[in-house]
Each structure stands twice: as structure tokens, then as C-alpha cells.
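Asker: As input, take final-v3.txt (compact mmCIF, N, CA and C atoms):
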# COMPACT_ATOMS: atom_id res chain seq x y z
N MET A 19 11.03 12.32 8.64
CA MET A 19 9.79 11.91 8.04
C MET A 19 8.78 11.64 9.14
N ALA A 20 7.74 12.39 9.16
CA ALA A 20 6.73 12.26 10.20
C ALA A 20 5.56 11.44 9.69
N LYS A 21 5.07 10.56 10.50
CA LYS A 21 3.91 9.75 10.15
C LYS A 21 2.66 10.63 10.17
N LEU A 22 1.82 10.49 9.16
CA LEU A 22 0.58 11.23 9.14
C LEU A 22 -0.35 10.74 10.23
N ARG A 23 -1.07 11.62 10.84
CA ARG A 23 -1.99 11.24 11.89
C ARG A 23 -3.25 10.58 11.34
N ASN A 24 -3.66 10.97 10.15
CA ASN A 24 -4.90 10.46 9.58
C ASN A 24 -4.61 9.24 8.72
N SER A 25 -4.93 8.07 9.24
CA SER A 25 -4.67 6.83 8.51
C SER A 25 -5.66 6.59 7.38
N ALA A 26 -6.67 7.44 7.25
CA ALA A 26 -7.66 7.26 6.19
C ALA A 26 -7.10 7.63 4.82
N ARG A 27 -6.00 8.32 4.77
CA ARG A 27 -5.43 8.73 3.51
C ARG A 27 -4.44 7.65 3.02
N ARG A 28 -4.40 7.41 1.79
CA ARG A 28 -3.40 6.54 1.18
C ARG A 28 -3.45 6.75 -0.32
N VAL A 29 -2.98 7.85 -0.80
CA VAL A 29 -2.90 8.09 -2.22
C VAL A 29 -1.43 8.01 -2.58
N VAL A 30 -1.09 7.05 -3.40
CA VAL A 30 0.31 6.82 -3.76
C VAL A 30 0.42 6.89 -5.27
N ALA A 31 1.48 7.51 -5.73
CA ALA A 31 1.74 7.57 -7.16
C ALA A 31 2.12 6.17 -7.62
N LEU A 32 1.18 5.47 -8.25
CA LEU A 32 1.40 4.08 -8.64
C LEU A 32 2.42 3.93 -9.75
N ALA A 33 2.70 4.99 -10.49
CA ALA A 33 3.63 4.87 -11.61
C ALA A 33 5.07 4.63 -11.15
N LEU A 34 5.38 4.91 -9.90
CA LEU A 34 6.74 4.77 -9.41
C LEU A 34 7.20 3.32 -9.49
N GLY A 35 8.16 3.05 -10.34
CA GLY A 35 8.77 1.73 -10.41
C GLY A 35 7.91 0.66 -11.05
N LEU A 36 6.81 1.02 -11.67
CA LEU A 36 5.97 0.01 -12.32
C LEU A 36 6.45 -0.23 -13.75
N HIS A 37 6.31 -1.45 -14.18
CA HIS A 37 6.63 -1.81 -15.55
C HIS A 37 5.33 -1.92 -16.32
N TRP A 38 5.42 -1.99 -17.65
CA TRP A 38 4.22 -2.03 -18.47
C TRP A 38 3.33 -3.21 -18.09
N GLU A 39 3.95 -4.36 -17.72
CA GLU A 39 3.15 -5.52 -17.33
C GLU A 39 2.28 -5.19 -16.11
N ASP A 40 2.81 -4.36 -15.21
CA ASP A 40 2.06 -3.99 -14.01
C ASP A 40 0.81 -3.21 -14.37
N PHE A 41 0.90 -2.36 -15.38
CA PHE A 41 -0.28 -1.60 -15.80
C PHE A 41 -1.32 -2.54 -16.38
N ASP A 42 -0.87 -3.60 -17.05
CA ASP A 42 -1.80 -4.60 -17.58
C ASP A 42 -2.53 -5.28 -16.43
N ILE A 43 -1.82 -5.60 -15.37
CA ILE A 43 -2.45 -6.21 -14.18
C ILE A 43 -3.48 -5.26 -13.59
N LEU A 44 -3.13 -3.98 -13.48
CA LEU A 44 -4.07 -3.00 -12.92
C LEU A 44 -5.29 -2.83 -13.83
N ARG A 45 -5.07 -2.87 -15.15
CA ARG A 45 -6.19 -2.75 -16.08
C ARG A 45 -7.13 -3.95 -15.93
N ARG A 46 -6.57 -5.16 -15.81
CA ARG A 46 -7.40 -6.35 -15.63
C ARG A 46 -8.15 -6.29 -14.29
N HIS A 47 -7.49 -5.75 -13.27
CA HIS A 47 -8.17 -5.58 -11.97
C HIS A 47 -9.34 -4.62 -12.11
N GLN A 48 -9.14 -3.54 -12.84
CA GLN A 48 -10.20 -2.56 -13.05
C GLN A 48 -11.38 -3.20 -13.80
N GLU A 49 -11.07 -4.04 -14.79
CA GLU A 49 -12.13 -4.72 -15.53
C GLU A 49 -12.91 -5.68 -14.62
N ALA A 50 -12.20 -6.41 -13.75
CA ALA A 50 -12.86 -7.32 -12.80
C ALA A 50 -13.72 -6.52 -11.83
N HIS A 51 -13.20 -5.37 -11.40
CA HIS A 51 -13.92 -4.48 -10.49
C HIS A 51 -15.23 -4.03 -11.14
N GLU A 52 -15.17 -3.72 -12.42
CA GLU A 52 -16.37 -3.28 -13.14
C GLU A 52 -17.39 -4.42 -13.21
N ARG A 53 -16.93 -5.66 -13.43
CA ARG A 53 -17.84 -6.81 -13.44
C ARG A 53 -18.49 -6.99 -12.07
N GLU A 54 -17.74 -6.76 -11.01
CA GLU A 54 -18.29 -6.85 -9.65
C GLU A 54 -19.37 -5.79 -9.44
N ARG A 55 -19.11 -4.59 -9.98
CA ARG A 55 -20.08 -3.50 -9.84
C ARG A 55 -21.40 -3.88 -10.52
N ILE A 56 -21.29 -4.43 -11.73
CA ILE A 56 -22.50 -4.82 -12.47
C ILE A 56 -23.24 -5.93 -11.73
N ALA A 57 -22.48 -6.91 -11.22
CA ALA A 57 -23.10 -8.04 -10.50
C ALA A 57 -23.77 -7.58 -9.21
N ALA A 58 -23.22 -6.58 -8.56
CA ALA A 58 -23.79 -6.10 -7.29
C ALA A 58 -25.07 -5.31 -7.51
N GLY A 59 -25.24 -4.76 -8.69
CA GLY A 59 -26.46 -4.00 -8.99
C GLY A 59 -26.67 -2.85 -8.02
N THR A 60 -27.87 -2.78 -7.44
CA THR A 60 -28.22 -1.67 -6.56
C THR A 60 -27.53 -1.78 -5.19
N ASP A 61 -26.92 -2.93 -4.90
CA ASP A 61 -26.19 -3.08 -3.63
C ASP A 61 -24.80 -2.41 -3.68
N TRP A 62 -24.37 -2.00 -4.88
CA TRP A 62 -23.05 -1.42 -5.05
C TRP A 62 -22.91 -0.14 -4.25
N GLU A 63 -21.86 -0.07 -3.42
CA GLU A 63 -21.63 1.11 -2.58
C GLU A 63 -20.84 2.18 -3.32
N GLY A 64 -20.02 1.81 -4.26
CA GLY A 64 -19.30 2.76 -5.11
C GLY A 64 -18.60 3.89 -4.38
N LYS A 65 -17.72 3.54 -3.46
CA LYS A 65 -17.03 4.57 -2.67
C LYS A 65 -15.69 4.98 -3.28
N GLY A 66 -15.34 4.44 -4.44
CA GLY A 66 -14.12 4.84 -5.13
C GLY A 66 -12.88 4.06 -4.76
N TYR A 67 -13.05 2.96 -4.04
CA TYR A 67 -11.89 2.16 -3.66
C TYR A 67 -11.34 1.39 -4.86
N ILE A 68 -10.03 1.29 -4.96
CA ILE A 68 -9.41 0.47 -5.99
C ILE A 68 -9.50 -1.00 -5.59
N PHE A 69 -9.24 -1.28 -4.34
CA PHE A 69 -9.36 -2.62 -3.80
C PHE A 69 -10.53 -2.59 -2.83
N ALA A 70 -11.59 -3.26 -3.20
CA ALA A 70 -12.84 -3.12 -2.46
C ALA A 70 -13.49 -4.47 -2.23
N SER A 71 -14.53 -4.45 -1.38
CA SER A 71 -15.35 -5.64 -1.19
C SER A 71 -16.13 -5.90 -2.47
N LEU A 72 -16.84 -7.01 -2.51
CA LEU A 72 -17.61 -7.37 -3.71
C LEU A 72 -18.75 -6.40 -4.00
N ILE A 73 -19.07 -5.53 -3.05
CA ILE A 73 -20.10 -4.52 -3.30
C ILE A 73 -19.52 -3.10 -3.30
N GLY A 74 -18.20 -3.00 -3.45
CA GLY A 74 -17.57 -1.70 -3.62
C GLY A 74 -17.22 -0.96 -2.35
N GLY A 75 -17.46 -1.56 -1.21
CA GLY A 75 -17.14 -0.91 0.07
C GLY A 75 -15.72 -1.21 0.50
N PRO A 76 -15.34 -0.69 1.63
CA PRO A 76 -13.97 -0.93 2.13
C PRO A 76 -13.79 -2.39 2.51
N LEU A 77 -12.57 -2.87 2.37
CA LEU A 77 -12.24 -4.21 2.81
C LEU A 77 -12.16 -4.23 4.33
N SER A 78 -12.43 -5.37 4.91
CA SER A 78 -12.27 -5.51 6.35
C SER A 78 -10.80 -5.30 6.70
N PRO A 79 -10.51 -4.61 7.79
CA PRO A 79 -9.12 -4.40 8.18
C PRO A 79 -8.34 -5.71 8.34
N ASN A 80 -9.03 -6.78 8.67
CA ASN A 80 -8.36 -8.06 8.86
C ASN A 80 -8.07 -8.78 7.55
N THR A 81 -8.70 -8.35 6.45
CA THR A 81 -8.51 -9.03 5.17
C THR A 81 -7.04 -9.05 4.78
N ASP A 82 -6.38 -7.90 4.86
CA ASP A 82 -4.96 -7.84 4.48
C ASP A 82 -4.12 -8.77 5.34
N SER A 83 -4.38 -8.75 6.63
CA SER A 83 -3.59 -9.56 7.55
C SER A 83 -3.78 -11.05 7.28
N HIS A 84 -5.03 -11.47 7.06
CA HIS A 84 -5.30 -12.88 6.79
C HIS A 84 -4.67 -13.31 5.46
N THR A 85 -4.79 -12.45 4.46
CA THR A 85 -4.20 -12.76 3.16
C THR A 85 -2.68 -12.83 3.28
N TRP A 86 -2.08 -11.90 4.01
CA TRP A 86 -0.63 -11.87 4.22
C TRP A 86 -0.16 -13.16 4.88
N LYS A 87 -0.85 -13.58 5.92
CA LYS A 87 -0.48 -14.82 6.63
C LYS A 87 -0.56 -16.02 5.70
N ARG A 88 -1.61 -16.07 4.87
CA ARG A 88 -1.76 -17.17 3.93
C ARG A 88 -0.64 -17.16 2.89
N LEU A 89 -0.27 -15.97 2.38
CA LEU A 89 0.82 -15.86 1.41
C LEU A 89 2.14 -16.34 2.02
N LEU A 90 2.42 -15.94 3.25
CA LEU A 90 3.64 -16.38 3.91
C LEU A 90 3.66 -17.90 4.06
N ARG A 91 2.55 -18.45 4.51
CA ARG A 91 2.46 -19.90 4.70
C ARG A 91 2.66 -20.63 3.37
N ASP A 92 1.95 -20.19 2.33
CA ASP A 92 2.04 -20.84 1.02
C ASP A 92 3.43 -20.73 0.41
N ALA A 93 4.14 -19.64 0.72
CA ALA A 93 5.50 -19.45 0.19
C ALA A 93 6.55 -20.15 1.04
N GLY A 94 6.13 -20.71 2.18
CA GLY A 94 7.09 -21.38 3.06
C GLY A 94 8.03 -20.42 3.76
N VAL A 95 7.54 -19.19 3.96
CA VAL A 95 8.33 -18.14 4.62
C VAL A 95 7.89 -18.04 6.07
N ARG A 96 8.83 -17.70 6.94
CA ARG A 96 8.50 -17.59 8.37
C ARG A 96 7.37 -16.59 8.57
N ASN A 97 6.60 -16.83 9.61
CA ASN A 97 5.48 -15.98 9.95
C ASN A 97 5.98 -14.59 10.36
N GLY A 98 5.27 -13.56 9.97
CA GLY A 98 5.63 -12.20 10.35
C GLY A 98 4.44 -11.28 10.17
N ARG A 99 4.47 -10.17 10.88
CA ARG A 99 3.38 -9.21 10.78
C ARG A 99 3.47 -8.45 9.45
N LEU A 100 2.31 -8.09 8.91
CA LEU A 100 2.28 -7.30 7.70
C LEU A 100 3.01 -5.97 7.92
N HIS A 101 2.89 -5.41 9.12
CA HIS A 101 3.56 -4.15 9.43
C HIS A 101 5.08 -4.29 9.32
N ASP A 102 5.62 -5.49 9.61
CA ASP A 102 7.05 -5.71 9.47
C ASP A 102 7.49 -5.55 8.02
N ALA A 103 6.63 -5.96 7.09
CA ALA A 103 6.95 -5.79 5.67
C ALA A 103 7.00 -4.31 5.31
N ARG A 104 6.21 -3.51 5.99
CA ARG A 104 6.23 -2.06 5.79
C ARG A 104 7.60 -1.50 6.17
N HIS A 105 8.13 -1.97 7.30
CA HIS A 105 9.47 -1.54 7.71
C HIS A 105 10.50 -1.95 6.67
N THR A 106 10.38 -3.17 6.18
CA THR A 106 11.32 -3.65 5.16
C THR A 106 11.24 -2.80 3.91
N ALA A 107 10.03 -2.46 3.49
CA ALA A 107 9.86 -1.63 2.29
C ALA A 107 10.53 -0.27 2.47
N ALA A 108 10.36 0.35 3.61
CA ALA A 108 10.98 1.65 3.86
C ALA A 108 12.50 1.52 3.85
N THR A 109 13.01 0.47 4.46
CA THR A 109 14.46 0.26 4.50
C THR A 109 15.02 0.06 3.09
N VAL A 110 14.33 -0.75 2.29
CA VAL A 110 14.80 -0.99 0.92
C VAL A 110 14.78 0.31 0.11
N LEU A 111 13.74 1.11 0.27
CA LEU A 111 13.69 2.40 -0.43
C LEU A 111 14.88 3.29 -0.04
N LEU A 112 15.21 3.29 1.25
CA LEU A 112 16.36 4.07 1.72
C LEU A 112 17.66 3.55 1.11
N ILE A 113 17.83 2.23 1.12
CA ILE A 113 19.04 1.62 0.57
C ILE A 113 19.17 1.92 -0.92
N LEU A 114 18.04 1.91 -1.63
CA LEU A 114 18.06 2.19 -3.06
C LEU A 114 18.27 3.67 -3.37
N GLY A 115 18.24 4.50 -2.33
CA GLY A 115 18.47 5.93 -2.53
C GLY A 115 17.27 6.69 -3.03
N ALA A 116 16.08 6.17 -2.78
CA ALA A 116 14.88 6.90 -3.19
C ALA A 116 14.83 8.25 -2.49
N PRO A 117 14.40 9.29 -3.19
CA PRO A 117 14.30 10.62 -2.56
C PRO A 117 13.33 10.59 -1.39
N ASP A 118 13.62 11.40 -0.38
CA ASP A 118 12.76 11.46 0.81
C ASP A 118 11.31 11.73 0.46
N VAL A 119 11.07 12.62 -0.50
CA VAL A 119 9.69 12.97 -0.85
C VAL A 119 8.96 11.74 -1.39
N VAL A 120 9.65 10.88 -2.09
CA VAL A 120 9.05 9.65 -2.63
C VAL A 120 8.75 8.69 -1.49
N ILE A 121 9.71 8.51 -0.60
CA ILE A 121 9.52 7.62 0.55
C ILE A 121 8.36 8.12 1.41
N ASP A 122 8.33 9.43 1.66
CA ASP A 122 7.24 10.02 2.44
C ASP A 122 5.89 9.69 1.82
N SER A 123 5.78 9.84 0.51
CA SER A 123 4.52 9.60 -0.18
C SER A 123 4.11 8.13 -0.09
N ILE A 124 5.04 7.24 -0.36
CA ILE A 124 4.73 5.81 -0.33
C ILE A 124 4.36 5.35 1.07
N MET A 125 5.10 5.82 2.06
CA MET A 125 4.89 5.37 3.43
C MET A 125 3.76 6.12 4.13
N GLY A 126 3.27 7.20 3.52
CA GLY A 126 2.18 7.95 4.13
C GLY A 126 2.65 8.90 5.22
N TRP A 127 3.87 9.38 5.08
CA TRP A 127 4.43 10.30 6.07
C TRP A 127 4.35 11.72 5.58
N GLU A 128 4.27 12.67 6.50
CA GLU A 128 4.37 14.08 6.15
C GLU A 128 5.84 14.41 5.98
N PRO A 129 6.20 15.20 4.97
CA PRO A 129 7.60 15.57 4.80
C PRO A 129 8.10 16.41 5.97
N GLU A 130 9.38 16.31 6.25
CA GLU A 130 10.01 17.16 7.27
C GLU A 130 9.92 18.61 6.81
N PRO A 131 9.64 19.54 7.71
CA PRO A 131 9.63 20.96 7.32
C PRO A 131 11.00 21.39 6.81
N ALA A 132 11.00 22.31 5.86
CA ALA A 132 12.26 22.82 5.33
C ALA A 132 13.07 23.43 6.46
N GLY A 133 14.35 23.12 6.49
CA GLY A 133 15.23 23.66 7.52
C GLY A 133 15.13 22.97 8.86
N ALA A 134 14.39 21.86 8.92
CA ALA A 134 14.26 21.13 10.19
C ALA A 134 15.62 20.61 10.61
N ASP A 135 15.88 20.64 11.90
CA ASP A 135 17.14 20.14 12.43
C ASP A 135 17.07 18.63 12.52
N ASN A 136 17.28 17.99 11.38
CA ASN A 136 17.17 16.54 11.31
C ASN A 136 18.55 15.97 11.05
N LYS A 137 19.13 15.39 12.06
CA LYS A 137 20.48 14.87 11.94
C LYS A 137 20.50 13.40 11.56
N ASN A 138 19.33 12.85 11.25
CA ASN A 138 19.27 11.42 10.88
C ASN A 138 19.94 11.19 9.55
N THR A 139 20.62 10.07 9.45
CA THR A 139 21.12 9.62 8.16
C THR A 139 20.10 8.67 7.62
N GLY A 140 20.28 8.22 6.38
CA GLY A 140 19.34 7.29 5.79
C GLY A 140 19.15 6.06 6.64
N ALA A 141 20.19 5.57 7.28
CA ALA A 141 20.08 4.36 8.08
C ALA A 141 19.34 4.61 9.39
N ASP A 142 19.25 5.88 9.79
CA ASP A 142 18.63 6.18 11.09
C ASP A 142 17.16 6.58 10.96
N LYS A 143 16.66 6.75 9.74
CA LYS A 143 15.30 7.27 9.55
C LYS A 143 14.29 6.29 10.13
N LYS A 144 13.24 6.85 10.69
CA LYS A 144 12.16 6.04 11.26
C LYS A 144 11.44 5.31 10.12
N THR A 145 11.14 4.04 10.34
CA THR A 145 10.52 3.26 9.28
C THR A 145 9.23 2.62 9.76
N ASN A 146 8.35 3.40 10.40
CA ASN A 146 7.05 2.81 10.76
C ASN A 146 5.92 3.63 10.23
Hey, can you dump this file as C-alpha cells for me?
Answerer:
Amino acid sequence: MAKLRNSARRVVALALGLHWEDFDILRRHQEAHERERIAAGTDWEGKGYIFASLIGGPLSPNTDSHTWKRLLRDAGVRNGRLHDARHTAATVLLILGAPDVVIDSIMGWEPEPAGADNKNTGADKKTN
């Protein structure tokens, strides 16, 4: 599994492993997003982000990290980098036996070329 060079891409099939309650959460988020769009008026940037600033633009790269740190602190969990959770997610997907194509999509990796000499086992796959 090769990491994509272009970090600007992140299209993930959200239906994977979601329950009906999750779709309700996403629908409520979409409704809140629409209220933000109306409130922003002509300041709305409307770039198509699902998770966006209050004016529809991209979130600051530090927003995720700051939110992650706060969640860890509030949960009483040891401090760790958000990227470490990414490694954990990839490992859990491997343990659960998710198909490589699914893991590639979720993690943002390019699939291995057909016939590639890849001797890695699930436990040896790169998880970054």
C-alpha cells in the first residue's frame, strides 16, 4: 500500500461500517452546515467541504490537532499525536481483515500494482 503523494485528496466511502444512527448525525451536521452558510451570507466561501470553517472554507490544519488534544485530556487518556491514531486505525482494519482496497481508500494510499512483489503480511503492512 503506497501513500498518495497529494495530501489534498481525501474522498472516503462513508458508508463503510456506518450504522443508521451515524447517517442521522451526518444529516444533522449537514443541516447545521446549511445554517452556517445562511448566517455567513456573502462571506460564504462554499468550497464544498463537509467539515469547514464558519464561512465554508478549509479548517486550520491545527484545528484537528487542538481538538484531538482536548478530547484526550477530557477523556483522561494519555497524550498522543493524532497521527498515532491513524496508525491504530490502519492496524485495527488489518486485524479485522478489511480488504486491502478498503484500507487503501480509507488511509489515502494508492493500491499496490497488480502482480507487485509484495511479501508483506497483514502484520507487516506500512501504517502511515
Asker: Mind pulling up the distance from CA of Ser83 (chain A) to atom N of His101 (chain A)?
Answerer: 7.9 Å
Asker: May I ask for the distance between CA of Ile121 (chain A) and CA of Asp102 (chain A), given in Å to one decimal place?
Answerer: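 Result for CA of Ile121 (chain A) versus CA of Asp102 (chain A): 16.2 Å, one decimal.
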Asker: So the first atom is CA of Gly75 (chain A) and the second is atom N of Met125 (chain A); what is the distance between them in Å, to one decimal place?
Answerer: 23.3 Å
Asker: Env of Leu72 (chain A): 6.5 Å cut, atoms = only N, CA and C atoms, seq-sep filter 6 positions within chain, self excluded. Answer as a ChimeraX atom specification.
Answerer: /A:54-55,58
Asker: Write a file of the selected residues as a PDB file, keeping the file's coordinate frame, keeping N, CA and C atoms.
Answerer:
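Final output, saved to again_1.pdb:
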ATOM      1  N   GLU A  54     -17.740  -6.760 -11.010  1.00  0.00           N
ATOM      2  CA  GLU A  54     -18.290  -6.850  -9.650  1.00  0.00           C
ATOM      3  C   GLU A  54     -19.370  -5.790  -9.440  1.00  0.00           C
ATOM      4  N   ARG A  55     -19.110  -4.590  -9.980  1.00  0.00           N
ATOM      5  CA  ARG A  55     -20.080  -3.500  -9.840  1.00  0.00           C
ATOM      6  C   ARG A  55     -21.400  -3.880 -10.520  1.00  0.00           C
ATOM      7  N   ALA A  58     -23.220  -6.580  -8.560  1.00  0.00           N
ATOM      8  CA  ALA A  58     -23.790  -6.100  -7.290  1.00  0.00           C
ATOM      9  C   ALA A  58     -25.070  -5.310  -7.510  1.00  0.00           C
TER      10      ALA A  58
END
